[in-house]
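Printed here is input.txt (compact mmCIF, C-alpha atoms):
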# COMPACT_ATOMS: atom_id res chain seq x y z
CA MET A 578 -16.14 -18.97 0.07
CA LYS A 579 -15.54 -15.42 -1.11
CA LYS A 580 -12.04 -14.09 -0.57
CA PHE A 581 -11.55 -10.54 0.68
CA ILE A 582 -8.35 -8.62 -0.05
CA PHE A 583 -7.71 -5.38 1.82
CA ASP A 584 -5.20 -2.60 1.43
CA VAL A 585 -4.23 -1.19 4.86
CA ASP A 586 -3.36 2.54 4.81
CA GLY A 587 -6.47 4.55 4.03
CA THR A 588 -8.57 1.37 3.80
CA LEU A 589 -8.39 -0.33 7.20
CA THR A 590 -6.55 2.44 9.06
CA PRO A 591 -5.85 6.14 8.79
CA SER A 592 -2.59 6.43 6.88
CA ARG A 593 0.35 5.18 9.01
CA GLN A 594 -1.89 5.00 12.10
CA MET A 595 -3.54 2.26 14.14
CA MET A 596 -6.99 0.82 13.45
CA ASN A 597 -9.94 2.41 15.19
CA GLN A 598 -10.59 0.19 18.23
CA LYS A 599 -14.29 -0.39 17.53
CA PHE A 600 -13.59 -1.20 13.90
CA GLU A 601 -10.72 -3.49 14.92
CA ASN A 602 -13.02 -5.46 17.24
CA TRP A 603 -15.64 -5.75 14.50
CA PHE A 604 -13.05 -6.69 11.88
CA GLU A 605 -11.60 -9.44 14.08
CA HIS A 606 -15.03 -11.10 14.04
CA PHE A 607 -15.27 -10.59 10.26
CA ALA A 608 -11.82 -12.10 9.67
CA THR A 609 -12.69 -15.09 11.87
CA HIS A 610 -15.64 -15.97 9.64
CA ASN A 611 -14.29 -14.90 6.23
CA ALA A 612 -11.21 -15.51 4.10
CA VAL A 613 -9.19 -12.32 4.57
CA TYR A 614 -5.93 -11.27 2.93
CA LEU A 615 -3.97 -8.03 3.46
CA VAL A 616 -1.80 -6.31 0.85
CA THR A 617 0.19 -3.20 1.73
CA GLY A 618 3.31 -1.31 0.75
CA SER A 619 4.36 -1.21 4.41
CA ASP A 620 6.71 -3.73 5.99
CA ARG A 621 5.62 -6.39 8.46
CA GLN A 622 6.54 -4.51 11.63
CA LYS A 623 4.65 -1.39 10.61
CA THR A 624 1.61 -3.42 9.58
CA LEU A 625 1.61 -5.20 12.95
CA GLU A 626 1.69 -1.81 14.67
CA GLN A 627 -1.26 -0.62 12.59
CA VAL A 628 -3.67 -3.57 12.59
CA GLY A 629 -2.45 -5.45 15.67
CA SER A 630 -1.24 -9.03 15.94
CA THR A 631 -4.75 -10.53 16.15
CA VAL A 632 -5.95 -9.10 12.84
CA TYR A 633 -2.55 -9.78 11.23
CA ASN A 634 -2.62 -13.42 12.26
CA LEU A 635 -6.27 -13.93 11.33
CA ALA A 636 -5.40 -13.05 7.73
CA ILE A 637 -4.71 -16.12 5.61
CA ARG A 638 -1.77 -14.28 4.09
CA VAL A 639 -0.31 -10.82 4.49
CA TYR A 640 1.41 -9.38 1.44
CA ASN A 641 3.80 -6.80 2.84
CA CYS A 642 5.92 -4.52 0.66
CA SER A 643 3.34 -4.79 -2.18
CA GLY A 644 3.62 -8.59 -2.21
CA ASN A 645 7.41 -8.68 -2.09
CA ASP A 646 7.47 -9.92 1.52
CA VAL A 647 4.77 -12.54 2.14
CA TRP A 648 3.76 -13.85 5.56
CA GLU A 649 1.45 -16.45 7.05
CA GLN A 650 1.27 -15.45 10.71
CA ASP A 651 4.94 -15.50 11.83
CA ARG A 652 6.19 -17.62 8.89
CA ASN A 653 7.90 -15.86 6.01
CA ILE A 654 6.74 -17.43 2.74
CA TYR A 655 8.64 -15.26 0.30
CA SER A 656 10.91 -12.24 0.40
CA GLY A 657 12.07 -10.40 -2.71
CA ILE A 658 15.17 -8.31 -3.39
CA PHE A 659 15.35 -4.96 -5.16
CA ASN A 660 18.63 -3.10 -5.30
CA LEU A 661 18.03 0.58 -6.00
CA PRO A 662 20.14 1.60 -9.03
CA ASP A 663 22.79 4.19 -8.22
CA ASP A 664 21.57 6.62 -10.88
CA LEU A 665 18.00 6.42 -9.56
CA ARG A 666 19.22 6.97 -6.02
CA SER A 667 21.06 10.08 -7.20
CA ASP A 668 17.91 11.31 -8.96
CA LEU A 669 15.83 10.82 -5.80
CA GLU A 670 18.37 12.73 -3.73
CA GLN A 671 18.31 15.57 -6.27
CA ILE A 672 14.50 15.62 -6.34
CA LEU A 673 14.51 15.83 -2.55
CA ALA A 674 16.97 18.72 -2.60
CA ASP A 675 14.95 20.54 -5.27
CA SER A 676 11.57 20.13 -3.57
CA LYS A 677 10.16 23.39 -2.24
CA PHE A 678 8.31 21.64 0.59
CA TYR A 679 9.49 23.39 3.74
CA ARG A 680 9.66 20.47 6.22
CA LYS A 681 11.99 17.51 5.68
CA THR A 682 12.33 15.09 8.59
CA GLY A 683 14.78 12.41 7.43
CA LYS A 684 14.53 8.79 6.25
CA HIS A 685 13.44 9.86 2.78
CA ILE A 686 14.58 6.71 0.97
CA GLU A 687 13.43 3.58 2.81
CA GLU A 688 14.55 0.25 1.38
CA ARG A 689 12.25 -2.68 2.13
CA PRO A 690 12.18 -6.26 0.81
CA GLY A 691 11.62 -5.91 -2.92
CA LEU A 692 10.48 -2.28 -2.67
CA VAL A 693 11.79 1.23 -2.02
CA ASN A 694 9.59 3.97 -0.57
CA PHE A 695 10.51 7.57 -1.35
CA SER A 696 9.06 10.41 0.72
CA ILE A 697 9.75 14.14 0.44
CA VAL A 698 8.60 14.86 3.99
CA GLY A 699 10.38 11.73 5.26
CA ARG A 700 9.32 8.66 7.22
CA ASN A 701 10.32 10.38 10.48
CA CYS A 702 7.46 12.86 10.12
CA ASN A 703 4.84 13.29 12.83
CA LEU A 704 1.10 13.69 12.22
CA GLU A 705 1.34 17.47 11.86
CA ASP A 706 4.11 17.12 9.26
CA ARG A 707 2.03 14.49 7.46
CA TYR A 708 -1.06 16.71 7.30
CA MET A 709 1.04 19.62 6.08
CA TYR A 710 2.55 17.55 3.29
CA ARG A 711 -0.79 16.04 2.33
CA GLY A 712 -2.19 19.53 1.79
CA TRP A 713 0.91 20.60 -0.12
CA ASP A 714 0.81 17.53 -2.34
CA GLU A 715 -2.92 17.88 -3.06
CA ASP A 716 -2.25 21.44 -4.23
CA LYS A 717 1.08 20.95 -6.05
CA LYS A 718 0.54 17.36 -7.30
CA GLU A 719 4.19 16.82 -6.43
CA ARG A 720 4.14 13.03 -6.08
CA VAL A 721 2.22 12.48 -9.31
CA THR A 722 4.66 14.72 -11.16
CA ILE A 723 7.67 12.93 -9.69
CA ALA A 724 6.23 9.48 -10.46
CA GLU A 725 5.39 10.39 -14.05
CA SER A 726 8.81 11.94 -14.69
CA LEU A 727 10.73 8.99 -13.25
CA SER A 728 8.52 6.49 -15.10
CA GLU A 729 9.56 8.05 -18.38
CA LYS A 730 13.24 7.91 -17.47
CA TYR A 731 13.18 4.39 -16.00
CA PRO A 732 10.74 2.31 -18.09
CA GLY A 733 11.70 -0.94 -16.33
CA ILE A 734 10.68 0.36 -12.91
CA ARG A 735 7.23 1.22 -11.58
CA PHE A 736 6.60 4.37 -9.52
CA GLU A 737 3.27 4.52 -7.68
CA VAL A 738 1.74 7.09 -5.34
CA ALA A 739 1.29 5.38 -1.97
CA GLY A 740 -0.42 6.46 1.24
CA GLU A 741 -0.38 10.17 2.04
CA THR A 742 3.31 10.98 1.63
CA GLY A 743 5.17 8.31 -0.31
CA ILE A 744 6.00 6.88 -3.70
CA ASP A 745 6.48 3.11 -3.91
CA ILE A 746 9.24 2.01 -6.29
CA THR A 747 9.37 -1.57 -7.58
CA PRO A 748 10.61 -3.46 -10.62
CA LEU A 749 7.86 -3.87 -13.23
CA GLY A 750 5.66 -6.80 -12.23
CA ALA A 751 6.60 -6.55 -8.56
CA ASP A 752 3.69 -4.27 -7.60
CA LYS A 753 0.56 -5.41 -5.73
CA SER A 754 -0.83 -7.12 -8.83
CA GLN A 755 1.75 -9.89 -8.41
CA ILE A 756 -0.32 -11.43 -5.60
CA VAL A 757 -2.86 -12.80 -8.09
CA ARG A 758 -0.46 -15.70 -8.65
CA ASP A 759 -1.86 -17.10 -5.38
CA PHE A 760 -5.48 -16.97 -6.55
CA ASP A 761 -7.53 -18.84 -9.14
CA LEU A 762 -9.13 -15.96 -11.02
CA LYS A 763 -11.40 -18.31 -12.96
CA ASN A 764 -12.92 -20.02 -9.93
CA ASP A 765 -12.26 -17.80 -6.89
CA ARG A 766 -14.69 -15.05 -5.98
CA ILE A 767 -12.63 -12.08 -4.82
CA HIS A 768 -13.54 -8.66 -3.42
CA PHE A 769 -10.73 -6.12 -3.18
CA PHE A 770 -10.90 -2.93 -1.10
CA GLY A 771 -8.36 -0.14 -1.62
CA ASP A 772 -8.07 3.65 -1.62
CA LYS A 773 -5.47 4.26 -4.35
CA MET A 774 -7.16 2.68 -7.39
CA GLU A 775 -6.76 5.64 -9.71
CA PRO A 776 -4.02 5.38 -12.39
CA GLY A 777 -0.67 5.92 -10.70
CA GLY A 778 -1.92 4.75 -7.30
CA ASN A 779 -0.42 1.66 -5.70
CA ASP A 780 -3.76 -0.20 -5.71
CA TYR A 781 -4.38 0.49 -9.39
CA GLN A 782 -2.58 -2.43 -11.03
CA LEU A 783 -4.19 -5.01 -8.73
CA SER A 784 -7.65 -3.48 -9.14
CA LEU A 785 -7.19 -3.50 -12.92
CA VAL A 786 -6.25 -7.19 -13.07
CA LEU A 787 -9.13 -8.18 -10.79
CA ALA A 788 -11.70 -6.04 -12.60
CA ARG A 789 -10.68 -7.48 -15.97
CA SER A 790 -11.29 -10.98 -14.62
CA GLY A 791 -14.76 -10.06 -13.35
CA GLN A 792 -13.91 -9.78 -9.68
CA ASP A 793 -15.38 -7.18 -7.31
CA ILE A 794 -13.45 -4.05 -6.40
CA THR A 795 -14.45 -1.23 -4.06
CA GLN A 796 -12.54 2.01 -3.92
CA VAL A 797 -12.80 3.78 -0.57
CA LYS A 798 -11.48 7.03 0.83
CA THR A 799 -11.36 6.07 4.51
CA TRP A 800 -11.60 3.08 6.83
CA GLU A 801 -15.11 4.28 7.67
CA ASP A 802 -16.07 3.70 4.03
CA THR A 803 -14.68 0.17 4.25
CA TRP A 804 -16.61 -0.59 7.44
CA LYS A 805 -19.85 0.74 5.96
CA ALA A 806 -19.42 -1.36 2.81
CA LEU A 807 -18.59 -4.51 4.79
CA LYS A 808 -21.64 -4.10 7.02
CA GLN A 809 -23.80 -4.07 3.92
CA LEU A 810 -22.19 -7.34 2.78
CA ALA A 811 -22.30 -9.08 6.15

Rendering of file as structure tokens:
Amino acid sequence: MKKFIFDVDGTLTPSRQMMNQKFENWFEHFATHNAVYLVTGSDRQKTLEQVGSTVYNLAIRVYNCSGNDVWEQDRNIYSGIFNLPDDLRSDLEQILADSKFYRKTGKHIEERPGLVNFSIVGRNCNLEDRYMYRGWDEDKKERVTIAESLSEKYPGIRFEVAGETGIDITPLGADKSQIVRDFDLKNDRIHFFGDKMEPGGNDYQLSLVLARSGQDITQVKTWEDTWKALKQLA
């Protein structure tokens, strides 16, 4: 049986939002008849809010926090630890203070199991704030610039553009690619769907490992792209 791995934000849902109801109903049927896994930078509670408990529990495994917090339904299989270094925390606070983006909503450094998410606009932002920052970031390339600069300064830590507003920060090797330890790349047939597969995106490392082993990867821009591609496979 082919195994399907899905990113969540931008792949199954609009970023930080709930699944479209029609797609959710269709996907529940798909996940009932196929081996489905989810991998996301978000924590468990946020993922439950986005995809709903039915889809979450139909997944064979959910890799929250980029695989640093692993769940099978309501059973925690593994939870990692990442303590943000004091000097990096100071750098993030300085970057936040220096950013010229005009709307900062709070909760800019969010510590999750095995992962830290950094956001200039802040996790407390509403949809309008999110759209404003997305436009700003597309024009200024702020997140890419921050990630590249910090990667040079902290070679033992990975900085990846995630979703529409964040940067995921993990120790090297603790990004989404770590989930391949649970798969047999020689014998399993895997198809991975994600929206951030370009270098520096938080789906890139996983897509690279899978592509090198001859697995299928599909980069999408929206959940509609994912649904269209799945209908062609069904």

Have a look at A:Asp752, A:Asp745, A:Glu705, A:Asp651 and name the one nearest to Val786 in chain A; count all atoms listed in the file.
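Checking each candidate against Val786 in chain A, we get A:Asp752 as the closest.
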
Selection: 10 Å around Ser784 in chain A, only C-alpha atoms, excl. self and same-chain fewer than 6 positions, as a VMD selection string
chain A and resid 753 to 754 768 to 771 773 to 775 790 792 to 796

Output the selection as an mmCIF file, in the frame of the given file - C-alpha atoms for each residue.
data_model
loop_
_atom_site.group_PDB
_atom_site.id
_atom_site.type_symbol
_atom_site.label_atom_id
_atom_site.label_comp_id
_atom_site.auth_asym_id
_atom_site.auth_seq_id
_atom_site.Cartn_x
_atom_site.Cartn_y
_atom_site.Cartn_z
ATOM 1 C CA LYS A 753 0.560 -5.410 -5.730
ATOM 2 C CA SER A 754 -0.830 -7.120 -8.830
ATOM 3 C CA HIS A 768 -13.540 -8.660 -3.420
ATOM 4 C CA PHE A 769 -10.730 -6.120 -3.180
ATOM 5 C CA PHE A 770 -10.900 -2.930 -1.100
ATOM 6 C CA GLY A 771 -8.360 -0.140 -1.620
ATOM 7 C CA LYS A 773 -5.470 4.260 -4.350
ATOM 8 C CA MET A 774 -7.160 2.680 -7.390
ATOM 9 C CA GLU A 775 -6.760 5.640 -9.710
ATOM 10 C CA SER A 790 -11.290 -10.980 -14.620
ATOM 11 C CA GLN A 792 -13.910 -9.780 -9.680
ATOM 12 C CA ASP A 793 -15.380 -7.180 -7.310
ATOM 13 C CA ILE A 794 -13.450 -4.050 -6.400
ATOM 14 C CA THR A 795 -14.450 -1.230 -4.060
ATOM 15 C CA GLN A 796 -12.540 2.010 -3.920
#

Please write as a count of residues only the list of polymer residues whose atoms come within 12 Å of (0.9, 11.4, 0.7), counting all atoms listed in the file and keeping to the coordinates of the file.
42

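Taking CA of Asp765 in chain A as the reference point, CA of Met578 in chain A is found at 8.1 Å.
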
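Residues having any atom no farther than 10 Å from (7.1, -11.1, 3.6) (counting only C-alpha atoms) are Asp620, Arg621, Arg638, Val639, Tyr640, Asn641, Cys642, Ser643, Gly644, Asn645, Asp646, Val647, Trp648, Glu649, Asp651, Arg652, Asn653, Ile654, Tyr655, Ser656, Gly657, Arg689, Pro690 and Gly691 of chain A.
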
Store the residues picked out above, limited to C-alpha atoms, as a compact mmCIF listing (two decimals), in the coordinates of the input.
# COMPACT_ATOMS: atom_id res chain seq x y z
CA ASP A 620 6.71 -3.73 5.99
CA ARG A 621 5.62 -6.39 8.46
CA ARG A 638 -1.77 -14.28 4.09
CA VAL A 639 -0.31 -10.82 4.49
CA TYR A 640 1.41 -9.38 1.44
CA ASN A 641 3.80 -6.80 2.84
CA CYS A 642 5.92 -4.52 0.66
CA SER A 643 3.34 -4.79 -2.18
CA GLY A 644 3.62 -8.59 -2.21
CA ASN A 645 7.41 -8.68 -2.09
CA ASP A 646 7.47 -9.92 1.52
CA VAL A 647 4.77 -12.54 2.14
CA TRP A 648 3.76 -13.85 5.56
CA GLU A 649 1.45 -16.45 7.05
CA ASP A 651 4.94 -15.50 11.83
CA ARG A 652 6.19 -17.62 8.89
CA ASN A 653 7.90 -15.86 6.01
CA ILE A 654 6.74 -17.43 2.74
CA TYR A 655 8.64 -15.26 0.30
CA SER A 656 10.91 -12.24 0.40
CA GLY A 657 12.07 -10.40 -2.71
CA ARG A 689 12.25 -2.68 2.13
CA PRO A 690 12.18 -6.26 0.81
CA GLY A 691 11.62 -5.91 -2.92

Just want the 9 Å neighbourhood of Met596 in chain A, counted on all atoms listed in the file, with same-chain residues fewer than 4 positions away dropped. Output as a list in words.
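Final neighbour list, sorted by chain and number: Leu589, Thr590, Pro591, Phe600, Glu601, Gln627, Val628, Gly629 and Trp800 of chain A.
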
Interatomic distance (Å, one decimal) between CA of Asp675 in chain A and CA of Glu725 in chain A
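According to the coordinates, CA of Asp675 in chain A and CA of Glu725 in chain A are separated by 16.5 Å.
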
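Distances to Asp668 in chain A were evaluated for A:Thr617, A:Ser630, A:Thr682, A:Ser726 using only C-alpha atoms, and the minimum falls at A:Ser726.
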
Do you know which residues are at most 10 Å from Arg766 in chain A counting only C-alpha atoms, after dropping those on the same chain fewer than 4 positions away, and could you put them as a PyMOL selection string?
chain A and resi 578-581+760-762+791-793

Determine, counting all atoms listed in the file, which protein, DNA and RNA residues have an atom within 9 Å of an atom of Asn660 in chain A; residues of the same chain fewer than 6 positions away are not included. Present the result as number ranges by chain.
A: 688, 691-693

Taking C-alpha atoms for each residue, export the selection above as a PDB file, in the frame of the given file.
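The result, written out as part.pdb:
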ATOM      1  CA  GLU A 688      14.550   0.250   1.380  1.00  0.00           C
ATOM      2  CA  GLY A 691      11.620  -5.910  -2.920  1.00  0.00           C
ATOM      3  CA  LEU A 692      10.480  -2.280  -2.670  1.00  0.00           C
ATOM      4  CA  VAL A 693      11.790   1.230  -2.020  1.00  0.00           C
TER       5      VAL A 693
END

Using only C-alpha atoms, the best pick from A:Trp804, A:Phe607, A:Asp759, A:Glu729 as closest to Leu635 in chain A would be A:Phe607

For range 668-680 of chain A, I'd like the enclosing box, axis-aligned and padded by 6 Å on every side, reported as AutoDock Vina command-line options with centre and edge lengths in Å to one decimal.
--center_x 13.3 --center_y 17.1 --center_z -1.4 --size_x 22.1 --size_y 24.6 --size_z 27.2

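Closest approach to Ile734 in chain A among A:Ile672, A:Leu665, A:Leu783, A:Val797: A:Leu665, based on all atoms listed in the file.
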
Would you mind telling me which residue in A:Ile767, A:Lys681, A:Glu670, A:Gln755 lies nearest to Val613 in chain A when using only C-alpha atoms?
A:Ile767

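Checking A:Pro748, A:Gly618, A:Gly777, A:Gly733 one by one against Glu687 in chain A, counting only C-alpha atoms, you find the shortest gap at A:Gly618.
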
Could you please determine the separation between CA of Arg666 in chain A and CA of Ile686 in chain A in Å, to one decimal place?
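Computed distance, CA of Arg666 in chain A to CA of Ile686 in chain A, equals 8.4 Å.
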